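Next up, structure.txt (compact mmCIF, C-alpha atoms and all ligand atoms):
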```txt
# COMPACT_ATOMS: atom_id res chain seq x y z
CA MET A 79 -2.70 78.62 -19.99
CA HIS A 80 -4.30 78.69 -16.57
CA SER A 81 -7.72 78.14 -17.99
CA GLN A 82 -6.34 75.18 -19.96
CA ILE A 83 -5.22 73.57 -16.68
CA THR A 84 -8.54 74.22 -14.96
CA GLU A 85 -10.44 72.82 -17.95
CA LEU A 86 -8.34 69.67 -17.94
CA GLU A 87 -8.80 69.28 -14.21
CA ASN A 88 -12.56 69.62 -14.54
CA ALA A 89 -12.66 67.28 -17.50
CA PHE A 90 -10.73 64.65 -15.52
CA LYS A 91 -13.01 64.98 -12.49
CA GLU A 92 -16.05 64.66 -14.72
CA GLU A 93 -14.70 61.57 -16.46
CA LEU A 94 -13.62 59.97 -13.20
CA SER A 95 -17.08 60.49 -11.75
CA GLN A 96 -18.52 58.61 -14.73
CA THR A 97 -16.03 55.75 -14.57
CA ASP A 98 -17.00 52.51 -12.91
CA THR A 99 -14.40 52.38 -10.12
CA SER A 100 -14.97 48.69 -9.57
CA ASP A 101 -13.65 48.06 -13.09
CA GLY A 102 -9.83 48.05 -13.14
CA SER A 103 -9.56 48.20 -16.93
CA ALA A 104 -11.77 51.31 -17.19
CA ILE A 105 -9.50 53.05 -14.70
CA GLU A 106 -6.45 52.00 -16.69
CA ILE A 107 -7.94 53.57 -19.83
CA LEU A 108 -8.49 56.79 -17.88
CA ARG A 109 -4.94 56.71 -16.53
CA LEU A 110 -3.46 56.28 -20.01
CA LYS A 111 -5.62 59.09 -21.34
CA TYR A 112 -4.25 61.58 -18.80
CA LEU A 113 -0.93 60.27 -17.58
CA GLY A 114 0.25 57.97 -20.40
CA LYS A 115 3.19 58.90 -22.66
CA LYS A 116 0.86 60.69 -25.00
CA GLY A 117 -1.60 61.61 -22.26
CA LEU A 118 -3.27 65.03 -21.83
CA VAL A 119 -1.33 66.00 -18.66
CA THR A 120 1.90 64.75 -20.21
CA ASP A 121 1.19 66.90 -23.30
CA LEU A 122 0.81 69.96 -21.10
CA LEU A 123 4.16 69.27 -19.48
CA LYS A 124 5.76 68.82 -22.89
CA GLY A 125 4.26 72.13 -24.10
CA MET A 126 6.13 74.03 -21.39
CA GLY A 127 9.18 74.31 -23.65
CA GLN A 128 7.48 77.12 -25.57
CA LEU A 129 6.88 79.25 -22.47
CA SER A 130 8.93 82.28 -21.44
CA ALA A 131 11.37 82.03 -18.52
CA GLU A 132 9.01 84.07 -16.21
CA GLU A 133 5.98 81.90 -17.00
CA LYS A 134 7.70 78.56 -16.55
CA PRO A 135 7.93 78.28 -12.68
CA THR A 136 4.28 79.22 -11.94
CA PHE A 137 2.91 77.18 -14.81
CA GLY A 138 5.22 74.28 -14.04
CA LYS A 139 4.01 74.16 -10.44
CA LEU A 140 0.35 74.20 -11.51
CA VAL A 141 0.81 71.39 -14.05
CA ASN A 142 2.73 69.40 -11.52
CA ASP A 143 -0.01 69.88 -8.91
CA LEU A 144 -2.51 68.71 -11.48
CA LYS A 145 -0.40 65.66 -12.27
CA VAL A 146 -0.15 64.72 -8.58
CA SER A 147 -3.85 65.15 -7.95
CA VAL A 148 -4.74 63.08 -11.06
CA GLN A 149 -2.27 60.40 -9.95
CA THR A 150 -3.71 60.26 -6.40
CA ALA A 151 -7.25 60.05 -7.70
CA ILE A 152 -6.29 57.23 -10.08
CA GLU A 153 -4.49 55.30 -7.30
CA THR A 154 -7.51 55.60 -5.01
CA ALA A 155 -9.73 54.32 -7.81
CA GLN A 156 -7.31 51.43 -8.46
CA GLU A 157 -7.51 50.43 -4.78
CA ILE A 158 -11.30 50.38 -4.94
CA ALA A 159 -11.18 48.28 -8.13
CA LYS A 160 -8.81 45.77 -6.51
CA LYS A 161 -11.09 45.30 -3.53
CA ALA A 162 -14.08 44.92 -5.80
CA ALA A 163 -12.25 42.25 -7.85
CA LEU A 164 -11.40 40.32 -4.69
CA ALA A 165 -14.99 40.51 -3.48
CA ARG A 166 -16.15 39.22 -6.89
CA SER A 167 -13.76 36.27 -6.85
CA LEU A 168 -14.74 35.34 -3.29
CA GLU A 169 -18.36 35.48 -4.28
CA SER A 170 -17.90 33.30 -7.36
CA GLY A 171 -15.73 30.75 -5.49
CA LYS A 172 -18.16 30.43 -2.64
CA ILE A 173 -18.83 26.85 -1.56
CA ASP A 174 -22.42 25.82 -1.51
CA ILE A 175 -22.59 23.67 1.60
CA SER A 176 -26.05 22.48 0.69
CA LEU A 177 -24.72 20.54 -2.36
CA PRO A 178 -24.44 16.75 -1.94
CA GLY A 179 -20.91 15.48 -1.05
CA GLU A 180 -18.61 13.67 -3.50
CA GLY A 181 -18.09 10.58 -1.32
CA TYR A 182 -14.71 9.04 -0.50
CA HIS A 183 -13.02 5.69 -0.96
CA LYS A 184 -12.47 3.83 2.24
CA GLY A 185 -9.34 1.67 2.33
CA SER A 186 -9.44 -1.94 3.47
CA THR A 187 -6.94 -4.49 4.68
CA HIS A 188 -5.33 -6.80 2.13
CA PRO A 189 -6.91 -10.29 2.01
CA LEU A 190 -3.51 -11.89 2.67
CA TYR A 191 -2.98 -9.67 5.67
CA ASP A 192 -6.38 -10.68 7.03
CA ILE A 193 -5.62 -14.40 6.68
CA ARG A 194 -2.24 -13.89 8.30
CA GLU A 195 -3.84 -12.14 11.26
CA GLU A 196 -6.45 -14.89 11.58
CA VAL A 197 -3.81 -17.61 11.50
CA ILE A 198 -1.75 -15.84 14.17
CA ASP A 199 -4.87 -15.26 16.24
CA PHE A 200 -5.88 -18.92 16.07
CA PHE A 201 -2.50 -20.41 16.97
CA TYR A 202 -1.60 -17.74 19.49
CA GLY A 203 -4.84 -18.57 21.25
CA MET A 204 -3.72 -22.22 21.43
CA GLY A 205 -0.45 -21.26 23.12
CA PHE A 206 1.83 -21.19 20.05
CA LYS A 207 4.66 -18.64 19.87
CA VAL A 208 4.98 -16.66 16.63
CA ASP A 209 8.27 -16.45 14.76
CA LEU A 210 9.01 -14.76 11.43
CA GLY A 211 12.22 -16.54 10.55
CA ARG A 212 14.37 -15.15 7.76
CA ASP A 213 14.03 -14.87 3.97
CA ILE A 214 17.61 -15.92 3.24
CA GLU A 215 18.69 -19.35 4.39
CA THR A 216 21.72 -21.56 4.07
CA ASP A 217 21.64 -25.07 2.68
CA TRP A 218 21.69 -26.43 6.24
CA TYR A 219 18.46 -24.76 7.36
CA ASN A 220 16.52 -24.96 4.10
CA PHE A 221 17.45 -28.56 3.26
CA GLU A 222 20.14 -30.47 5.10
CA ALA A 223 18.87 -30.22 8.69
CA LEU A 224 15.38 -30.98 7.39
CA ASN A 225 16.63 -34.37 6.31
CA THR A 226 16.45 -33.41 2.64
CA PRO A 227 19.00 -35.54 0.83
CA LYS A 228 21.40 -33.96 -1.67
CA ASP A 229 19.60 -35.52 -4.64
CA HIS A 230 16.07 -34.49 -3.60
CA PRO A 231 14.21 -32.79 -6.49
CA SER A 232 13.38 -29.69 -4.39
CA ARG A 233 17.11 -28.91 -4.39
CA ASP A 234 17.11 -28.68 -8.16
CA MET A 235 18.34 -25.35 -9.57
CA GLN A 236 14.95 -25.07 -11.31
CA ASP A 237 13.10 -24.71 -8.01
CA THR A 238 15.47 -22.67 -5.89
CA PHE A 239 16.71 -19.10 -6.24
CA TYR A 240 20.37 -19.41 -5.25
CA LEU A 241 22.16 -16.27 -4.09
CA ALA A 242 25.55 -17.90 -3.71
CA GLU A 243 26.97 -21.39 -3.23
CA GLY A 244 24.93 -22.86 -0.36
CA VAL A 245 22.90 -19.64 0.19
CA MET A 246 19.37 -19.18 -1.12
CA LEU A 247 16.00 -17.45 -0.81
CA ARG A 248 14.11 -19.93 1.35
CA THR A 249 11.87 -22.25 -0.62
CA HIS A 250 9.66 -22.93 2.41
CA THR A 251 9.25 -21.76 6.00
CA SER A 252 10.28 -25.18 7.35
CA GLY A 253 13.83 -23.96 8.04
CA THR A 254 12.40 -21.83 10.85
CA GLN A 255 11.67 -25.09 12.71
CA ILE A 256 15.39 -25.78 12.83
CA HIS A 257 16.30 -22.27 14.04
CA TYR A 258 13.59 -22.53 16.66
CA MET A 259 14.65 -25.94 17.95
CA GLU A 260 18.28 -24.77 18.10
CA ASN A 261 17.23 -21.91 20.35
CA HIS A 262 14.39 -23.39 22.41
CA LYS A 263 14.18 -26.57 24.43
CA PRO A 264 10.99 -28.67 24.39
CA PRO A 265 8.18 -28.49 25.23
CA LEU A 266 7.59 -26.03 22.40
CA ARG A 267 4.81 -24.82 20.16
CA MET A 268 5.44 -22.30 17.40
CA VAL A 269 4.12 -20.98 14.11
CA ALA A 270 6.32 -19.16 11.59
CA LEU A 271 4.87 -16.98 8.85
CA GLY A 272 6.60 -15.36 5.95
CA HIS A 273 7.49 -15.16 2.29
CA VAL A 274 8.97 -18.07 0.40
CA PHE A 275 10.47 -18.16 -3.08
CA ARG A 276 10.46 -20.68 -5.89
CA VAL A 277 11.27 -20.62 -9.59
CA ASP A 278 7.66 -21.26 -10.51
CA SER A 279 4.93 -19.25 -12.19
CA ASP A 280 1.44 -20.00 -13.52
CA ALA A 281 -2.18 -19.17 -12.56
CA THR A 282 -1.87 -20.81 -9.15
CA HIS A 283 1.91 -20.59 -8.53
CA ALA A 284 3.98 -17.43 -8.03
CA PRO A 285 7.73 -17.00 -7.57
CA MET A 286 7.00 -15.43 -4.20
CA PHE A 287 4.19 -16.43 -1.88
CA GLN A 288 3.53 -16.75 1.83
CA GLN A 289 3.57 -19.81 4.02
CA CYS A 290 2.71 -20.64 7.58
CA GLU A 291 4.76 -23.29 9.35
CA GLY A 292 3.82 -24.98 12.59
CA LEU A 293 5.79 -27.11 15.03
CA VAL A 294 4.88 -28.82 18.29
CA VAL A 295 7.42 -30.83 20.30
CA ASP A 296 6.76 -32.45 23.67
CA GLU A 297 6.55 -35.84 25.33
CA ASN A 298 3.73 -38.02 23.97
CA ILE A 299 2.80 -35.82 21.02
CA SER A 300 0.78 -37.93 18.59
CA PHE A 301 -0.52 -37.82 15.04
CA ALA A 302 -4.04 -37.68 16.52
CA GLN A 303 -3.22 -34.30 18.08
CA LEU A 304 -1.98 -33.07 14.72
CA LYS A 305 -5.27 -34.14 13.12
CA GLY A 306 -7.29 -32.48 15.86
CA THR A 307 -5.36 -29.22 15.65
CA LEU A 308 -5.53 -28.92 11.88
CA SER A 309 -9.18 -29.98 11.65
CA LEU A 310 -10.07 -27.21 14.08
CA PHE A 311 -7.91 -24.81 12.12
CA ALA A 312 -9.67 -25.70 8.83
CA LYS A 313 -13.05 -25.01 10.47
CA LYS A 314 -11.78 -21.66 11.69
CA LEU A 315 -10.68 -20.75 8.14
CA PHE A 316 -13.55 -22.12 6.09
CA GLY A 317 -16.44 -22.52 8.50
CA GLU A 318 -17.99 -25.26 10.66
CA ASN A 319 -19.19 -27.36 7.72
CA ILE A 320 -15.76 -27.91 6.18
CA LYS A 321 -14.52 -31.50 6.17
CA THR A 322 -10.83 -32.46 6.38
CA ARG A 323 -8.94 -35.43 5.02
CA PHE A 324 -5.36 -36.51 5.74
CA ARG A 325 -3.93 -38.16 2.66
CA PRO A 326 -0.68 -40.18 3.01
CA SER A 327 2.23 -38.38 1.39
CA PHE A 328 5.97 -37.88 1.68
CA PHE A 329 8.12 -35.10 3.13
CA PRO A 330 11.74 -35.73 4.10
CA PHE A 331 11.30 -34.00 7.47
CA THR A 332 8.18 -35.85 8.67
CA GLU A 333 7.39 -39.55 9.09
CA PRO A 334 4.61 -40.41 8.59
CA SER A 335 3.64 -37.51 6.33
CA ALA A 336 0.27 -36.41 5.03
CA GLU A 337 -1.30 -33.90 2.75
CA LEU A 338 -4.18 -31.96 4.30
CA ASP A 339 -7.24 -31.68 2.08
CA VAL A 340 -10.43 -29.76 2.80
CA SER A 341 -13.80 -30.41 1.18
CA CYS A 342 -14.08 -28.30 -1.99
CA VAL A 343 -15.09 -24.74 -1.10
CA PHE A 344 -16.78 -24.33 -4.49
CA CYS A 345 -19.04 -27.41 -4.63
CA GLY A 346 -19.09 -28.45 -0.97
CA GLY A 347 -17.59 -31.84 -1.83
CA ALA A 348 -19.93 -32.94 -4.63
CA GLY A 349 -17.17 -32.65 -7.25
CA CYS A 350 -16.74 -29.81 -9.74
CA ARG A 351 -14.34 -28.41 -12.32
CA ARG A 352 -12.28 -26.56 -9.66
CA CYS A 353 -11.61 -29.70 -7.58
CA LYS A 354 -11.26 -31.77 -10.74
CA GLY A 355 -14.29 -33.79 -9.74
CA THR A 356 -12.70 -35.09 -6.51
CA GLY A 357 -14.63 -32.95 -4.03
CA TRP A 358 -11.35 -32.17 -2.21
CA MET A 359 -8.74 -29.43 -2.29
CA GLU A 360 -5.24 -29.59 -0.90
CA ILE A 361 -4.18 -26.84 1.49
CA GLY A 362 -0.90 -28.03 2.99
CA GLY A 363 1.44 -30.71 4.20
CA CYS A 364 2.04 -32.14 7.66
CA GLY A 365 3.34 -35.08 9.64
CA SER A 366 5.16 -36.36 12.70
CA VAL A 367 8.63 -34.88 13.03
CA ASP A 368 11.22 -37.32 11.62
CA PRO A 369 13.68 -38.49 14.33
CA ALA A 370 16.50 -37.59 11.90
CA VAL A 371 15.46 -33.91 12.20
CA PHE A 372 15.53 -34.14 16.01
CA ALA A 373 19.01 -35.64 15.81
CA ASN A 374 20.20 -32.62 13.76
CA VAL A 375 19.16 -30.19 16.51
CA GLY A 376 20.14 -32.33 19.49
CA ILE A 377 16.65 -33.26 20.70
CA ASP A 378 16.28 -36.75 22.15
CA SER A 379 13.77 -38.53 19.93
CA GLU A 380 13.39 -41.34 22.50
CA LYS A 381 11.92 -38.83 24.92
CA TYR A 382 10.23 -36.33 22.60
CA THR A 383 7.92 -36.58 19.63
CA GLY A 384 6.36 -33.81 17.61
CA PHE A 385 4.26 -32.77 14.67
CA ALA A 386 4.76 -30.13 12.00
CA PHE A 387 2.69 -28.61 9.25
CA GLY A 388 3.02 -26.06 6.48
CA PHE A 389 0.53 -24.38 4.18
CA GLY A 390 0.31 -21.49 1.75
CA LEU A 391 -1.51 -18.36 2.83
CA ASP A 392 -2.05 -17.28 -0.79
CA ARG A 393 -3.79 -20.58 -1.53
CA ILE A 394 -6.09 -20.15 1.44
CA ALA A 395 -6.91 -16.57 0.39
CA MET A 396 -7.67 -17.81 -3.14
CA LEU A 397 -10.00 -20.53 -1.89
CA ARG A 398 -11.66 -18.26 0.65
CA HIS A 399 -12.40 -15.46 -1.82
CA HIS A 400 -12.61 -17.53 -5.03
CA ILE A 401 -9.64 -15.67 -6.55
CA PRO A 402 -8.74 -17.21 -9.93
CA GLU A 403 -5.14 -15.90 -10.32
CA ILE A 404 -2.48 -15.88 -7.59
CA SER A 405 -0.75 -12.88 -9.21
CA LEU A 406 -3.79 -10.70 -8.36
CA LEU A 407 -2.75 -10.88 -4.71
CA THR A 408 0.45 -8.97 -5.37
CA SER A 409 -0.75 -6.86 -8.32
CA ASN A 410 -1.64 -3.79 -6.23
CA ASP A 411 -4.59 -3.32 -8.59
CA GLN A 412 -7.17 -1.03 -7.02
CA ARG A 413 -9.98 -2.71 -8.93
CA PHE A 414 -9.07 -6.00 -7.24
CA LEU A 415 -8.20 -4.66 -3.78
CA GLY A 416 -11.34 -2.49 -3.69
CA GLN A 417 -13.45 -5.67 -3.53
CA PHE A 418 -12.35 -6.52 0.00
N1 LIG B 501 7.54 -27.33 3.53
C1 LIG B 501 6.50 -28.00 2.81
C2 LIG B 501 6.28 -27.30 1.48
O1 LIG B 501 6.71 -26.21 1.30
C3 LIG B 501 5.22 -27.97 3.58
C4 LIG B 501 5.30 -28.82 4.80
C5 LIG B 501 4.93 -30.16 4.73
C6 LIG B 501 5.73 -28.30 6.00
C7 LIG B 501 5.00 -30.95 5.84
C8 LIG B 501 5.80 -29.08 7.13
C9 LIG B 501 5.40 -30.44 7.03
O2 LIG B 501 6.20 -28.66 8.32
O3 LIG B 501 5.47 -31.22 8.13
O4 LIG B 501 5.66 -27.87 0.62
```

So, in terms of structure tokens, how does the structure I just supplied come out?
Amino acid sequence: MHSQITELENAFKEELSQTDTSDGSAIEILRLKYLGKKGLVTDLLKGMGQLSAEEKPTFGKLVNDLKVSVQTAIETAQEIAKKAALARSLESGKIDISLPGEGYHKGSTHPLYDIREEVIDFFYGMGFKVDLGRDIETDWYNFEALNTPKDHPSRDMQDTFYLAEGVMLRTHTSGTQIHYMENHKPPLRMVALGHVFRVDSDATHAPMFQQCEGLVVDENISFAQLKGTLSLFAKKLFGENIKTRFRPSFFPFTEPSAELDVSCVFCGGAGCRRCKGTGWMEIGGCGSVDPAVFANVGIDSEKYTGFAFGFGLDRIAMLRHHIPEISLLTSNDQRFLGQF
């Protein structure tokens, strides 16, 4: 019996010395061979049943000592294997810092945001205050106080998103003029920027777009000053060579009123498909403030005169960057935004 134990011990030591201790699975095979359910040490323990009562304690102790020493040796080997596995995975996952980088995508500001900033910058520099107004207006601010009669087509249900009787998403930023004149006494100069909403949708019209509104009220304000201001503004937006044209038009809140055209940004004024052969493109409306509007906000139109203007920021962005579809500006499409 004793010699059996010694033989097994020697056999184990021999096998362990030939096992690759960096290989966890080889150690596991060894462990099963000796300590598994049908393992060699386990067999010895099982065989003890046949021994006499005197033999059992001594033999039992020896087998148990063998079991413990095999177990300890296996555990030590397992530790070594674990460390070796970690070292291998660190080695294989090593980053080669000499490889070329993958590059990264740099974000950019939205073209509408840029135009907005430029507009604010321009007018702020000329002493205008900036106001954001509000998206939801009442009939008074969006229409009535702006001298827009009850039967004016812009009041039609087709154009306006009504939220309740007499309450709507503003169809233009012009209502901000009224709020501003209610809260500030002349002389005043302000621009208001923000979203406006209309039931309208095609390549160049969207149900939501952005406008910029301007208002100047003081003594002796003339149409000539309006022309000077907006001509300078057009140059700032489209460059020194841009030409401007004030075309007679109608708005209920200005008299006289005009539409502001700039020379076509595509053909330089020669006439092309985009400007329908005219050489001009419309960018906004303007005029001298109608005395009826002054009356609605308690400003004396005998003493004060003023001018106002309004234009779409989306339209300017489209002309500036030759964008064919207005919906691209709000599409959040990376392929589009990545171009700016
Ligand atoms: N509110 C007009 C629109 O949405 C634009 C406009 C025209 C604004 C003339 C003005 C103005 O202040 O004087 O079409």

Quiz item: Mind listing the residues within 7 Å of ligand LIG 501 (chain B), all atoms listed in the file counted, as number ranges by chain?
Solution: A: 249-252, 291-293, 329, 331-332, 335, 362-367, 385-389

Quiz item: So what do you get for atom CA of Glu157 of chain A versus atom CA of Leu86 of chain A, distance-wise?
Solution: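 Interatomic distance here is 23.3 Å.
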
Self-check item: Among the residues A:Gly244, A:Gly114, A:Pro264, A:Pro369, the one that comes closest to Asp217 of chain A [using all atoms listed in the file]
Solution: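 The closest residue to Asp217 of chain A is A:Gly244.
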
Self-check item: Who sits within 12 Å of Glu196 of chain A, only C-alpha atoms, same chain under 3 positions skipped, as JSON, numbers by chain
Solution: {"A": [189, 190, 191, 192, 193, 199, 200, 201, 202, 203, 271, 290, 311, 312, 314, 315, 316, 391, 394, 395]}

Report as AutoDock Vina command-line options the centre and the edge lengths, in Å to one decimal, of the axis-aligned box holding every listed atom of segment 236-243 of chain A, padded by 3 Å on each side.
```
--center_x 20.0 --center_y -20.7 --center_z -7.3 --size_x 19.9 --size_y 14.8 --size_z 14.1
```

Practice problem: Compare A:Leu407, A:Met359, A:Leu108, A:Ala223 by their minimum atom-to-atom distance to Met259 of chain A, counting all atoms listed in the file, and give me the closest one. | Solution: A:Ala223
